[in-house]
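Student: Could you have a look at this structure, given as structure tokens, before my questions?
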Amino acid sequence: MAKLTGTIQKSDLEGGHWLLVTAKGEQYQLVGAKGVKAGQEVVVEGSVDRGAMGIGMTGPTFTVKKISPKK
């Protein structure tokens with residue numbers, strides 16, 4: 001399981017989806033992120049699928065298992 005820290009952003013591309021943007025500027029398209037808001041700083045746990053293709057095409061897909069506020 002991977003753990004990433006970053007800021008939630010909303011992309012309006014192709015109907016909209018949630019992104020996690022890390023301090024290094026890496027973007028991950030979040031799958032299964034519920035109850036999040038743009039601008040939140042969070043820690044997400046789950047798995048990265050760098051080979052997945054999605055309609056958003058904004059970065060690797062990150063399937064969220066757990067999400068919590070950054071401390």
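Convention: chains lettered A, B, ... in structure tokens order; per-chain residue numbering from 1; ligands numbered from 1 as shown.
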At a cut-off of 7 Å, using only C-alpha atoms, what residues contact range 39-46 of chain A? Leave out same-chain residues fewer than 4 positions from it and give the result as a tab-separated table (two decimals) with C-alpha atoms, in the first residue's frame.
Tutor:
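Once everything was written out, this is result.tsv:
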chain	number	residue	atom	x	y	z
A	1	MET	CA	0.00	0.00	0.00
A	2	ALA	CA	1.25	3.46	-0.92
A	3	LYS	CA	0.87	6.61	1.16
A	4	LEU	CA	0.87	10.07	-0.42
A	5	THR	CA	0.50	13.56	1.04
A	6	GLY	CA	-0.82	16.50	-0.92
A	7	THR	CA	-3.61	18.92	-1.72
A	8	ILE	CA	-6.97	17.98	-3.21
A	9	GLN	CA	-7.89	19.71	-6.46
A	62	PHE	CA	-4.58	6.27	-7.32
A	63	THR	CA	-7.24	3.99	-5.82
A	64	VAL	CA	-8.02	5.37	-2.36
A	65	LYS	CA	-8.43	2.96	0.55
A	66	LYS	CA	-8.15	5.58	3.31
A	67	ILE	CA	-8.04	9.36	3.37
A	68	SER	CA	-7.34	11.57	6.37
A	69	PRO	CA	-6.47	15.22	7.05
A	70	LYS	CA	-2.77	16.10	7.01
Student: Can you list every residue in chain A that DSSP puts in strand (DSSP E or B), as a PyMOL selection string?
Tutor: chain A and resi 2-11+17-21+27-31+41-49+61-69
Student: Enter the distance from CA of Lys24 in chain A to CA of Asp49 in chain A, in Å, rounded to one decimal.
Tutor: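 So the answer is 18.8 Å.
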Student: When you count only C-alpha atoms, which of these residues is closest to Pro60 in chain A: A:Leu13, A:Val36, A:Leu30, A:Ala23?
Tutor: A:Leu30
